[in-house]
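K.L.:
My questions all concern the structure below.
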Amino acid sequence: MRTPAMEDHLEQIYLLSRATGFTRVSDVAEALSINDSSASKMAQKLGKNGYILYKKYGRIWLTDKGLRVGRQLYNRHQLLEEFLHLIGVPEDQVHSEVEQIEYHFSWSTINRIQGLVRFLEEQPSVMKEFRKKQLL
């Protein structure tokens, strides 16, 4: 079972490795504002769970499993940011709100939120009415 910390690391590794196909522990540590030793310990754990290929002091590559999960975690994050924007959460709160809630939704709920977001995007009149009634 993945923990929120594991998911944070996987999502970050996914983001950092998109351009080159790999990243380094120090890059992950910097992106997550943690020390290198914590990032290294998590890389070992992710490696043992089959999400990454990792050599101490070397590069980190996502396995197929890690790539799939990293992409899924990134997409979840983006969807929740989009949803919060849509319902009028102030811009300066969106990222921190998503960081607090993203681990608490089941994937079934995430799929329902995605359906709602797509529906609302396709029905601008609904959002216009929603905003007119000052529900936001």
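Letters A, B, ... go to the chains of the structure tokens in the order shown; residues in each chain start at 1; ligands are counted from 1 in the same order.
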From a DSSP pass on the backbone, collect the residues of chain A flagged as strand (DSSP E) and hand them back as a list of chain:residue names.
P.N.:
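Here is the list: A:Thr23, A:Arg24, A:Ile52, A:Leu53, A:Tyr54, A:Arg59, A:Ile60, A:Trp61, A:Leu62.
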K.L.:
If we count only C-alpha atoms, what is near Ser37 (chain A) at a cut-off of 12 Å, once residues fewer than 6 positions away on the same chain are taken out, given as a list in words?
P.N.:
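The residues satisfying every condition are Val25, Ser26, Val28, Ala29, Glu30, Ala43, Gln44, Lys56 and Tyr57 of chain A.
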K.L.:
Would you list the contacts of region 67-75 of chain A as a ChimeraX atom specification, taking every protein, DNA or RNA residue within 8 Å and counting only C-alpha atoms, but skipping same-chain residues closer than 2 positions in sequence?
P.N.:
/A:7,10-15,51,62-65,77-79
K.L.:
Compare A:Glu122, A:Gly58, A:Val117, A:Asn111 by their minimum atom-to-atom distance to Leu84 (chain A), counting only C-alpha atoms, and give me the closest one.
P.N.:
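Under the stated criterion, the closest residue is A:Val117.
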K.L.:
What gap, in Å, lies between CA of Leu16 (chain A) and CA of Glu99 (chain A)?
P.N.:
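So the two atoms, CA of Leu16 (chain A) and CA of Glu99 (chain A), lie 17.9 Å apart.
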K.L.:
If we count only C-alpha atoms and set the cut-off at 12 Å, which residues sit around Val89 (chain A), ignoring sequence neighbours fewer than 6 positions away in its own chain? Please answer as a PyMOL selection string.
P.N.:
chain A and resi 80-83+95-98+135-136
